[in-house]
$ cat model36.cif   # mmCIF, C-alpha atoms
data_upload
loop_
_atom_site.label_atom_id
_atom_site.label_comp_id
_atom_site.auth_asym_id
_atom_site.auth_seq_id
_atom_site.Cartn_x
_atom_site.Cartn_y
_atom_site.Cartn_z
CA MET A 1 -17.92 16.23 36.24
CA THR A 2 -14.82 16.70 34.10
CA ALA A 3 -12.90 14.63 31.60
CA ALA A 4 -9.82 12.64 32.52
CA PRO A 5 -6.57 14.53 31.83
CA PHE A 6 -5.66 14.65 28.16
CA ARG A 7 -2.78 15.87 25.99
CA LEU A 8 -2.07 18.64 23.52
CA GLY A 9 0.06 18.23 20.42
CA TRP A 10 0.68 20.66 17.58
CA PHE A 11 0.16 19.98 13.90
CA GLY A 12 2.74 22.12 12.11
CA ASN A 13 5.09 22.27 9.18
CA LEU A 14 8.13 24.12 7.95
CA THR A 15 6.43 26.62 5.67
CA ALA A 16 6.20 30.40 5.78
CA PRO A 17 4.59 31.81 8.94
CA GLU A 18 1.69 34.27 8.67
CA TRP A 19 2.92 36.96 6.27
CA LYS A 20 -0.18 38.99 5.34
CA SER A 21 -0.83 40.67 8.68
CA ALA A 22 0.69 43.94 9.83
CA TYR A 23 2.48 42.13 12.66
CA ARG A 24 5.99 41.50 11.32
CA GLY A 25 7.26 39.38 14.19
CA ASN A 26 6.30 36.27 12.25
CA ASP A 27 9.50 36.55 10.18
CA PRO A 28 7.92 35.87 6.74
CA LEU A 29 11.24 36.38 4.92
CA THR A 30 13.75 35.12 7.50
CA TRP A 31 12.04 31.96 8.83
CA PHE A 32 14.39 29.83 6.69
CA ASP A 33 17.08 30.18 9.39
CA GLY A 34 14.94 28.19 11.85
CA SER A 35 14.55 30.90 14.48
CA PHE A 36 10.75 31.14 14.16
CA HIS A 37 10.26 27.41 14.71
CA ILE A 38 12.89 27.30 17.48
CA ASP A 39 10.96 29.98 19.39
CA MET A 40 7.76 28.09 18.70
CA VAL A 41 8.86 24.70 20.07
CA ARG A 42 10.41 26.30 23.14
CA ASN A 43 7.07 27.94 23.91
CA LEU A 44 5.15 24.73 23.30
CA GLU A 45 7.44 22.86 25.68
CA ARG A 46 7.08 25.59 28.32
CA ALA A 47 3.30 25.18 28.05
CA GLY A 48 3.40 21.38 28.46
CA PHE A 49 2.63 20.17 24.94
CA ASP A 50 3.47 16.51 24.43
CA PHE A 51 4.85 17.00 20.92
CA ILE A 52 4.86 18.89 17.68
CA MET A 53 4.10 16.85 14.57
CA LEU A 54 5.68 18.24 11.39
CA GLU A 55 3.76 17.22 8.30
CA ASP A 56 5.39 17.19 4.89
CA SER A 57 4.75 17.21 1.16
CA LEU A 58 7.21 16.59 -1.62
CA MET A 59 6.10 18.70 -4.55
CA VAL A 60 5.01 22.11 -5.78
CA PRO A 61 1.33 21.41 -6.63
CA ASP A 62 0.11 22.54 -10.04
CA ILE A 63 -3.14 20.60 -10.36
CA TYR A 64 -5.62 23.42 -9.71
CA GLN A 65 -6.20 25.31 -12.97
CA GLY A 66 -3.19 23.46 -14.39
CA THR A 67 -0.54 25.80 -12.92
CA ALA A 68 1.30 26.42 -9.63
CA GLU A 69 0.11 30.05 -9.52
CA ILE A 70 -2.55 29.83 -6.80
CA GLU A 71 -0.48 27.42 -4.72
CA LEU A 72 2.59 29.66 -4.73
CA LYS A 73 0.39 32.70 -4.19
CA HIS A 74 -0.76 31.33 -0.82
CA ALA A 75 2.51 29.52 0.14
CA ARG A 76 0.81 26.50 1.66
CA TYR A 77 2.88 23.66 0.13
CA ALA A 78 5.96 25.53 -1.02
CA PRO A 79 8.42 26.69 0.06
CA LYS A 80 8.66 23.87 2.62
CA MET A 81 11.72 22.46 4.38
CA ASP A 82 12.47 18.82 5.22
CA PRO A 83 11.07 17.94 8.68
CA VAL A 84 13.45 15.01 9.25
CA VAL A 85 16.45 17.31 8.92
CA ALA A 86 14.83 20.03 11.05
CA ALA A 87 13.83 17.54 13.78
CA ALA A 88 17.46 17.22 14.86
CA MET A 89 17.73 21.00 15.26
CA LEU A 90 14.44 21.33 17.15
CA ALA A 91 15.34 18.47 19.47
CA ARG A 92 18.53 20.29 20.48
CA VAL A 93 16.66 23.40 21.64
CA THR A 94 14.13 21.42 23.73
CA SER A 95 14.65 18.89 26.50
CA LYS A 96 11.31 17.18 27.22
CA MET A 97 8.82 17.67 24.37
CA GLY A 98 8.62 15.25 21.44
CA ILE A 99 9.43 16.12 17.82
CA ILE A 100 7.55 13.98 15.27
CA ALA A 101 8.70 14.20 11.64
CA THR A 102 6.91 12.92 8.56
CA ALA A 103 8.58 10.53 6.11
CA SER A 104 7.03 8.51 3.30
CA THR A 105 7.32 4.74 2.94
CA THR A 106 6.77 5.19 -0.79
CA PHE A 107 9.94 7.22 -1.38
CA TYR A 108 12.36 6.19 1.38
CA HIS A 109 14.21 2.90 1.70
CA PRO A 110 13.87 1.11 5.07
CA TYR A 111 17.61 1.22 5.80
CA GLN A 112 17.89 4.95 5.12
CA LEU A 113 14.86 5.77 7.25
CA ALA A 114 15.82 3.42 10.09
CA ARG A 115 19.27 4.96 10.26
CA GLN A 116 18.11 8.60 10.13
CA PHE A 117 15.48 8.15 12.84
CA ALA A 118 17.81 6.06 15.02
CA THR A 119 20.31 8.92 14.75
CA ILE A 120 17.77 11.53 15.87
CA ASN A 121 16.38 9.21 18.53
CA ASN A 122 19.86 9.04 20.04
CA LEU A 123 20.54 12.75 19.60
CA SER A 124 17.23 13.68 21.25
CA GLY A 125 17.40 11.21 24.12
CA GLY A 126 14.31 9.35 22.88
CA ARG A 127 12.08 12.27 21.92
CA VAL A 128 11.71 11.76 18.19
CA GLY A 129 8.75 10.25 16.37
CA TRP A 130 8.12 9.09 12.82
CA ASN A 131 4.82 10.10 11.20
CA VAL A 132 4.30 7.27 8.73
CA VAL A 133 2.70 8.28 5.44
CA THR A 134 2.34 6.46 2.13
CA SER A 135 2.00 9.76 0.21
CA SER A 136 -0.98 10.62 -1.96
CA GLU A 137 0.28 12.73 -4.86
CA ASP A 138 1.46 11.66 -8.31
CA ARG A 139 3.36 14.95 -8.53
CA ALA A 140 5.49 13.78 -5.59
CA ALA A 141 6.02 10.40 -7.24
CA GLN A 142 7.26 12.14 -10.38
CA ASN A 143 9.94 13.89 -8.34
CA TYR A 144 11.25 10.43 -7.45
CA GLY A 145 11.30 9.04 -10.98
CA MET A 146 7.88 7.38 -10.90
CA ALA A 147 5.11 8.15 -13.39
CA LYS A 148 2.39 7.78 -10.74
CA LEU A 149 1.80 6.42 -7.27
CA PRO A 150 0.93 2.79 -6.69
CA GLU A 151 -2.75 2.14 -6.03
CA HIS A 152 -4.03 3.11 -2.54
CA ASP A 153 -4.21 -0.36 -0.95
CA LEU A 154 -0.97 -1.46 -2.61
CA ARG A 155 0.76 1.48 -0.90
CA TYR A 156 -0.38 0.02 2.41
CA ASP A 157 0.89 -3.44 1.43
CA MET A 158 4.26 -1.80 0.78
CA ALA A 159 4.05 0.16 4.03
CA GLU A 160 3.43 -3.01 6.06
CA GLU A 161 6.55 -4.57 4.57
CA PHE A 162 8.50 -1.34 5.02
CA MET A 163 7.53 -1.24 8.70
CA ALA A 164 8.57 -4.85 9.22
CA ALA A 165 11.97 -4.19 7.64
CA THR A 166 12.50 -0.98 9.62
CA LYS A 167 11.61 -2.61 12.94
CA ALA A 168 13.92 -5.51 12.14
CA LEU A 169 16.77 -3.06 11.53
CA TRP A 170 16.10 -1.24 14.81
CA GLY A 171 16.11 -4.64 16.50
CA SER A 172 19.42 -5.73 15.00
CA TRP A 173 21.23 -4.28 18.03
CA GLN A 174 20.35 -6.17 21.18
CA ASP A 175 20.37 -4.63 24.64
CA GLY A 176 23.85 -4.63 26.05
CA ALA A 177 25.54 -4.70 22.66
CA ILE A 178 27.72 -1.71 23.49
CA LEU A 179 30.38 -2.65 26.03
CA ALA A 180 33.02 0.11 25.80
CA ASP A 181 35.19 -2.29 27.78
CA ALA A 182 38.79 -1.08 27.83
CA GLU A 183 39.99 -4.20 29.62
CA SER A 184 38.69 -6.64 26.99
CA GLY A 185 39.27 -4.22 24.15
CA TYR A 186 35.71 -4.63 22.85
CA TYR A 187 33.55 -1.60 22.17
CA SER A 188 30.61 -3.66 20.86
CA ASP A 189 29.71 -7.33 21.33
CA TYR A 190 29.47 -8.78 17.83
CA THR A 191 27.20 -11.60 19.05
CA LYS A 192 24.56 -8.97 19.86
CA VAL A 193 24.70 -7.16 16.51
CA GLN A 194 23.28 -9.38 13.80
CA PRO A 195 22.16 -9.12 10.16
CA VAL A 196 18.42 -9.17 9.59
CA ASP A 197 18.50 -10.59 6.03
CA PHE A 198 15.08 -9.13 5.29
CA ALA A 199 13.79 -10.14 1.86
CA GLY A 200 10.28 -9.06 0.98
CA GLU A 201 8.27 -8.52 -2.17
CA TYR A 202 8.99 -4.79 -2.27
CA TYR A 203 12.02 -4.22 -0.02
CA SER A 204 15.12 -6.07 1.01
CA THR A 205 17.90 -5.18 3.40
CA ARG A 206 20.71 -7.23 4.86
CA GLY A 207 21.41 -5.25 8.01
CA PRO A 208 22.41 -4.89 10.71
CA LEU A 209 21.86 -1.18 11.17
CA ASN A 210 25.18 0.55 11.78
CA LEU A 211 24.10 2.15 15.07
CA PRO A 212 21.82 1.21 17.97
CA PRO A 213 18.22 2.48 17.79
CA GLY A 214 18.37 4.66 20.90
CA PRO A 215 16.02 4.92 23.93
CA ASN A 216 12.98 2.62 23.99
CA GLY A 217 14.46 0.64 21.10
CA ARG A 218 12.76 2.77 18.43
CA PRO A 219 11.19 6.16 17.78
CA VAL A 220 7.53 6.80 18.54
CA ILE A 221 5.30 5.81 15.61
CA CYS A 222 2.59 8.23 14.45
CA GLN A 223 -0.02 7.68 11.75
CA ALA A 224 -3.24 9.16 10.40
CA GLY A 225 -5.10 6.22 8.89
CA GLY A 226 -8.68 6.99 7.94
CA SER A 227 -9.67 4.37 5.37
CA PRO A 228 -10.40 0.83 6.63
CA ARG A 229 -6.94 -0.25 5.49
CA GLY A 230 -5.37 2.82 7.04
CA ARG A 231 -7.15 2.20 10.35
CA ASP A 232 -5.78 -1.33 10.48
CA PHE A 233 -2.26 -0.10 9.80
CA ALA A 234 -2.50 2.60 12.47
CA ALA A 235 -4.02 0.26 15.06
CA ALA A 236 -1.31 -2.32 14.46
CA HIS A 237 1.69 0.00 14.63
CA ALA A 238 1.03 3.53 15.89
CA ASP A 239 1.59 5.04 19.33
CA VAL A 240 -0.04 8.30 18.19
CA ILE A 241 -2.92 8.56 15.70
CA LEU A 242 -4.21 11.78 14.15
CA THR A 243 -7.83 12.07 13.07
CA ILE A 244 -10.24 14.65 11.62
CA PRO A 245 -13.71 13.08 11.99
CA HIS A 246 -16.84 15.23 12.08
CA GLY A 247 -17.79 16.24 15.63
CA ALA A 248 -17.39 14.53 18.99
CA ALA A 249 -19.62 11.63 17.96
CA GLY A 250 -17.41 10.94 14.95
CA ALA A 251 -14.29 11.22 17.11
CA LYS A 252 -15.72 8.73 19.61
CA GLU A 253 -16.62 6.28 16.85
CA TYR A 254 -13.12 6.55 15.41
CA ARG A 255 -11.34 6.12 18.75
CA ASP A 256 -13.53 3.19 19.79
CA ASP A 257 -12.92 1.52 16.44
CA ILE A 258 -9.14 2.03 16.68
CA ARG A 259 -9.09 0.58 20.18
CA ARG A 260 -11.03 -2.50 19.01
CA ARG A 261 -8.64 -2.97 16.12
CA ALA A 262 -5.59 -2.51 18.37
CA ALA A 263 -6.89 -5.22 20.71
CA SER A 264 -7.42 -7.54 17.74
CA PHE A 265 -3.71 -7.14 16.93
CA GLY A 266 -2.78 -8.16 20.47
CA ARG A 267 -2.01 -4.62 21.63
CA ASN A 268 -3.12 -2.81 24.77
CA PRO A 269 -5.60 -0.19 23.47
CA ASP A 270 -4.40 2.25 26.15
CA ASP A 271 -1.01 2.32 24.41
CA VAL A 272 -2.60 3.92 21.33
CA LYS A 273 -3.30 7.64 21.76
CA VAL A 274 -5.82 9.24 19.38
CA PHE A 275 -5.56 13.01 18.80
CA SER A 276 -8.44 14.98 17.25
CA VAL A 277 -7.41 17.92 15.07
CA VAL A 278 -8.91 21.29 16.12
CA TYR A 279 -8.41 24.91 15.06
CA PRO A 280 -9.42 27.04 18.09
CA ILE A 281 -10.37 30.69 17.55
CA VAL A 282 -9.40 32.57 20.70
CA GLY A 283 -10.30 36.07 21.85
CA GLU A 284 -9.96 38.06 25.06
CA SER A 285 -13.77 38.16 25.11
CA LYS A 286 -16.51 36.03 23.63
CA ARG A 287 -17.38 38.82 21.20
CA GLU A 288 -13.79 39.28 20.04
CA ALA A 289 -13.49 35.54 19.33
CA GLU A 290 -16.79 35.56 17.44
CA GLU A 291 -15.67 38.55 15.38
CA LYS A 292 -12.39 36.80 14.50
CA ASN A 293 -14.36 33.75 13.47
CA GLU A 294 -16.79 35.80 11.38
CA ALA A 295 -13.87 37.59 9.72
CA TRP A 296 -12.36 34.26 8.71
CA TYR A 297 -15.59 33.10 7.07
CA ALA A 298 -16.03 36.50 5.39
CA ARG A 299 -12.84 35.96 3.38
CA LYS A 300 -14.75 33.73 1.00
CA GLN A 301 -12.61 34.11 -2.13
CA HIS A 302 -9.36 33.69 -0.19
CA ASN A 303 -10.69 30.64 1.67
CA PHE A 304 -12.08 29.14 -1.53
CA GLU A 305 -8.71 29.42 -3.29
CA VAL A 306 -6.83 27.95 -0.33
CA GLN A 307 -9.21 25.01 -0.04
CA MET A 308 -9.15 24.37 -3.77
CA THR A 309 -5.35 24.22 -3.82
CA HIS A 310 -5.36 22.01 -0.71
CA PHE A 311 -7.94 19.70 -2.26
CA ALA A 312 -6.05 19.57 -5.55
CA ALA A 313 -2.73 18.88 -3.81
CA THR A 314 -3.94 16.07 -1.54
CA MET A 315 -6.61 14.53 -3.80
CA GLU A 316 -5.06 15.49 -7.16
CA ILE A 317 -8.48 16.53 -8.40
CA ASP A 318 -8.77 19.80 -10.30
CA PHE A 319 -12.15 21.30 -9.51
CA SER A 320 -11.68 24.30 -11.77
CA PRO A 321 -13.56 22.68 -14.73
CA PHE A 322 -16.59 22.03 -12.49
CA ASP A 323 -19.34 24.58 -11.87
CA PRO A 324 -18.48 26.00 -8.41
CA ASP A 325 -22.16 26.73 -7.83
CA GLN A 326 -23.06 23.02 -8.04
CA PRO A 327 -22.32 20.16 -5.59
CA ILE A 328 -19.33 17.82 -6.04
CA PRO A 329 -20.11 15.49 -8.95
CA ASP A 330 -20.99 11.96 -7.86
CA ASP A 331 -18.32 10.33 -10.05
CA VAL A 332 -15.34 12.18 -8.49
CA SER A 333 -12.86 9.74 -6.91
CA THR A 334 -9.23 9.77 -5.80
CA ASN A 335 -6.19 7.56 -5.36
CA GLY A 336 -5.04 9.97 -2.64
CA HIS A 337 -6.65 10.58 0.76
CA GLN A 338 -9.79 8.49 0.26
CA SER A 339 -11.10 8.84 3.80
CA GLN A 340 -10.72 12.62 3.68
CA LEU A 341 -12.68 12.81 0.42
CA ALA A 342 -15.47 10.81 2.07
CA ILE A 343 -15.44 13.10 5.13
CA TRP A 344 -15.56 16.21 2.97
CA ARG A 345 -18.49 14.83 0.97
CA SER A 346 -20.33 14.18 4.23
CA GLN A 347 -19.58 17.63 5.64
CA LEU A 348 -20.59 19.42 2.44
CA GLY A 349 -23.87 17.56 2.15
CA GLY A 350 -25.84 19.19 -0.63
CA LYS A 351 -23.84 22.45 -0.59
CA THR A 352 -22.24 23.79 -3.72
CA ILE A 353 -18.48 23.55 -4.15
CA ARG A 354 -18.09 27.29 -3.52
CA GLU A 355 -20.36 27.36 -0.47
CA GLY A 356 -18.81 24.30 1.06
CA PHE A 357 -15.15 25.00 0.56
CA SER A 358 -15.31 28.73 1.27
CA GLY A 359 -16.40 27.96 4.81
CA MET A 360 -14.47 24.75 5.51
CA ARG A 361 -11.76 24.47 8.13
CA VAL A 362 -9.53 21.46 8.65
CA GLN A 363 -10.77 20.41 12.10
CA THR A 364 -12.86 17.93 14.02
CA GLU A 365 -14.94 20.37 16.06
CA GLU A 366 -15.43 24.14 15.96
CA MET A 367 -14.09 25.83 19.09
CA VAL A 368 -14.53 29.59 19.52
CA GLY A 369 -14.24 31.75 22.63
CA THR A 370 -12.00 32.94 25.43
CA PRO A 371 -9.22 30.62 26.70
CA ASP A 372 -11.50 29.49 29.53
CA ALA A 373 -14.35 28.86 27.09
CA ILE A 374 -12.08 26.84 24.80
CA ALA A 375 -10.88 24.79 27.78
CA SER A 376 -14.50 24.14 28.75
CA GLN A 377 -15.35 23.07 25.19
CA MET A 378 -12.36 20.71 25.14
CA ASP A 379 -13.47 19.27 28.48
CA GLU A 380 -16.99 18.60 27.19
CA PHE A 381 -15.64 17.08 23.98
CA MET A 382 -13.36 14.68 25.86
CA GLN A 383 -16.12 13.68 28.27
CA GLU A 384 -18.02 12.35 25.26
CA VAL A 385 -15.06 10.94 23.30
CA GLY A 386 -13.15 9.43 26.24
CA GLY A 387 -9.58 10.63 25.32
CA ASP A 388 -6.78 11.02 24.38
CA GLY A 389 -5.81 14.49 23.19
CA PHE A 390 -6.12 17.38 20.75
CA LEU A 391 -3.82 18.30 17.92
CA ILE A 392 -3.80 22.08 17.48
CA TYR A 393 -3.89 23.15 13.84
CA GLY A 394 -3.81 26.56 12.22
CA GLN A 395 -2.18 27.56 8.96
CA PRO A 396 -0.27 29.68 8.39
CA ILE A 397 1.17 29.81 11.91
CA SER A 398 1.62 33.15 13.67
CA ARG A 399 3.38 34.04 16.89
CA GLN A 400 0.06 35.43 18.10
CA PHE A 401 -1.74 32.11 17.54
CA VAL A 402 1.03 30.18 19.30
CA ALA A 403 0.80 32.57 22.27
CA GLU A 404 -2.99 32.19 22.42
CA MET A 405 -2.48 28.46 22.88
CA THR A 406 0.59 28.47 25.15
CA ASP A 407 -0.34 31.45 27.36
CA GLY A 408 -4.11 31.24 27.14
CA VAL A 409 -5.65 27.83 26.47
CA ALA A 410 -2.93 25.64 28.02
CA PRO A 411 -2.96 27.44 31.41
CA ALA A 412 -6.78 27.33 31.41
CA LEU A 413 -6.62 23.55 30.94
CA GLN A 414 -3.94 23.21 33.62
CA ARG A 415 -6.06 25.13 36.13
CA ARG A 416 -8.75 22.50 35.57
CA GLY A 417 -6.28 19.63 36.01
CA LEU A 418 -6.86 18.56 32.40
CA MET A 419 -3.34 19.03 31.03
CA ARG A 420 0.17 18.24 32.23
CA THR A 421 2.13 20.91 34.09
CA ASP A 422 5.44 19.07 33.83
CA TYR A 423 7.04 16.04 32.16
CA ALA A 424 7.49 12.99 34.36
CA HIS A 425 9.91 11.28 31.99
CA ASP A 426 12.68 12.05 29.53
CA THR A 427 11.32 10.21 26.47
CA LEU A 428 8.29 10.91 24.31
CA LEU A 429 6.93 7.36 24.56
CA GLU A 430 7.07 7.35 28.36
CA ASN A 431 5.41 10.77 28.59
CA LEU A 432 2.63 9.64 26.26
CA HIS A 433 1.85 6.96 28.81
CA SER A 434 1.81 9.23 31.88
CA PHE A 435 0.99 12.66 33.24
CA ALA A 436 2.74 14.87 35.79
#
$ encode --input "model36.cif" --output "structure tokens"
Amino acid sequence: MTAAPFRLGWFGNLTAPEWKSAYRGNDPLTWFDGSFHIDMVRNLERAGFDFIMLEDSLMVPDIYQGTAEIELKHARYAPKMDPVVAAAMLARVTSKMGIIATASTTFYHPYQLARQFATINNLSGGRVGWNVVTSSEDRAAQNYGMAKLPEHDLRYDMAEEFMAATKALWGSWQDGAILADAESGYYSDYTKVQPVDFAGEYYSTRGPLNLPPGPNGRPVICQAGGSPRGRDFAAAHADVILTIPHGAAGAKEYRDDIRRRAASFGRNPDDVKVFSVVYPIVGESKREAEEKNEAWYARKQHNFEVQMTHFAATMEIDFSPFDPDQPIPDDVSTNGHQSQLAIWRSQLGGKTIREGFSGMRVQTEEMVGTPDAIASQMDEFMQEVGGDGFLIYGQPISRQFVAEMTDGVAPALQRRGLMRTDYAHDTLLENLHSFA
């Protein structure tokens, strides 16, 4: 017995590739010209990935120990380029795979975002997606003239209104609005391009948008809601949902819950695709994979620093004043990623801060082995969860890691009939709903 076919996506960003290894093909100094990521997306498309999702952050974190030293030392959040700008470039060097870019409802205006994504949706032939975030860092807010972020649930109130305004703008051009009729002299039919006159509590926009929205009437919507409010938002709006629950049982609970919520909003649950984040460790043999995995965990001080800067950046909690050889204090809370804090507390259990974070990877399920073994583990996971795909994560990215996925794991899945071998359609939304 095997799982039904599922999808692979890639969780990436526009930061420095792996730069500490002896292998220099990762272009640690020249990646700014885009060539590294161009090669990467071409290989992902060749392997049959549905999309790459480019996350983003809008600050140089300096919460941990009160400086940006450790963050800039490890180059996780900076330097980082704008994914919305880069999406247009990456779409031009691919022809079938989707490019999903992150943009924040807290810092954009609906008209600006609707126009930018409509532009890329047209340029890409319907292969762009918008990863909707509300942001979680006061440091980012301060870069946009705000002292601090709005409270967590208020950000979702604003995001709901933002989404309504953006969809109204995309809908301001009706089908058939463009005539290009030389005989009548009309390029566009003005009766099919109308203002939206959106006036909300947080946003207002007259409209109409000054260009049509492109294929499918809008970009694909992606989200990563984990809190109860975030789950509702994702279930109501998203085509693609990213999740990092603990284990297959947690992934099944999350997917089942999302599908119930989607149905309650009048949506077909099958139209909502849930992707579990994984960080596979691949070797040519079982022993080689295990040794690579052991080597990762052996880098305790490096891993501890990276996790502390990640935690400080996303949660805006500086753990440096706390005793690292004690558990997380009970009174620690965040206005940032609340669901992730809860998941981390659960995963750490009674472990000390140092023990827990030195050995923590951002992933749903540990997967270690040869490409065939990883494919088998993915199959077993999906048999329990029920669908819909995996989001491959690994930071910093290396050409070797990309090749392990595109030339190792993906073909192993395809041999089992678990992954697409071609794209049946031209747009991301249509391909998310079918296999070839």
$ resolve_selection --input "model36.cif" --expression "the PyMOL selection byres ((chain A and resi 401-413) around 8)" --output "list in words"
Met40, Asn43, Leu44, Arg46, Ala47, Gly48, Val282, Pro371, Asp372, Ile374, Ala375, Gly394, Ile397, Ser398, Arg399, Gln400, Gln414, Arg415, Arg416, Gly417, Leu418 and Met419 of chain A
$ residues_near_point --input "model36.cif" --point "(-15.0, 16.9, 14.6)" --cutoff "6 Å" --atoms "all atoms listed in the file" --output "short mmCIF file (atom, residue, chain, number, x, y, z; two decimals) with C-alpha atoms, in the coordinates of the input"
data_model
loop_
_atom_site.label_atom_id
_atom_site.label_comp_id
_atom_site.auth_asym_id
_atom_site.auth_seq_id
_atom_site.Cartn_x
_atom_site.Cartn_y
_atom_site.Cartn_z
CA PRO A 245 -13.71 13.08 11.99
CA HIS A 246 -16.84 15.23 12.08
CA GLY A 247 -17.79 16.24 15.63
CA ALA A 248 -17.39 14.53 18.99
CA THR A 364 -12.86 17.93 14.02
CA GLU A 365 -14.94 20.37 16.06
#
$ closest_residue --input "model36.cif" --among "A:Ala118, A:Met315, A:Leu14, A:Leu123" --to "A:Pro79" --atoms "only C-alpha atoms"
A:Leu14
$ closest_atom_pairs --input "model36.cif" --of "stretch 126-173 of chain A" --to "stretch 51-68 of chain A" --cutoff "10 Å" --atoms "all atoms listed in the file" --output "JSON lines"
{"residue": "A:Arg127", "atom": "CA", "partner": "A:Phe51", "partner_atom": "CA", "distance": 8.7}
{"residue": "A:Val128", "atom": "CA", "partner": "A:Phe51", "partner_atom": "CA", "distance": 9.1}
{"residue": "A:Gly129", "atom": "CA", "partner": "A:Met53", "partner_atom": "CA", "distance": 8.3}
{"residue": "A:Trp130", "atom": "CA", "partner": "A:Met53", "partner_atom": "CA", "distance": 8.9}
{"residue": "A:Asn131", "atom": "CA", "partner": "A:Met53", "partner_atom": "CA", "distance": 7.6}
{"residue": "A:Val132", "atom": "CA", "partner": "A:Glu55", "partner_atom": "CA", "distance": 10.0}
{"residue": "A:Val133", "atom": "CA", "partner": "A:Asp56", "partner_atom": "CA", "distance": 9.3}
{"residue": "A:Ser135", "atom": "CA", "partner": "A:Ser57", "partner_atom": "CA", "distance": 8.0}
{"residue": "A:Ser136", "atom": "CA", "partner": "A:Ser57", "partner_atom": "CA", "distance": 9.3}
{"residue": "A:Glu137", "atom": "CA", "partner": "A:Met59", "partner_atom": "CA", "distance": 8.3}
{"residue": "A:Asp138", "atom": "CA", "partner": "A:Met59", "partner_atom": "CA", "distance": 9.2}
{"residue": "A:Arg139", "atom": "CA", "partner": "A:Met59", "partner_atom": "CA", "distance": 6.1}
{"residue": "A:Ala140", "atom": "CA", "partner": "A:Met59", "partner_atom": "CA", "distance": 5.1}
{"residue": "A:Ala141", "atom": "CA", "partner": "A:Leu58", "partner_atom": "CA", "distance": 8.4}
{"residue": "A:Gln142", "atom": "CA", "partner": "A:Met59", "partner_atom": "CA", "distance": 8.9}
{"residue": "A:Asn143", "atom": "CA", "partner": "A:Met59", "partner_atom": "CA", "distance": 7.2}
{"residue": "A:Tyr144", "atom": "CA", "partner": "A:Leu58", "partner_atom": "CA", "distance": 9.4}
$ atom_distance --input "model36.cif" --atom1 "atom CA of A:Ile258" --atom2 "atom CA of A:Glu160"
17.2 Å
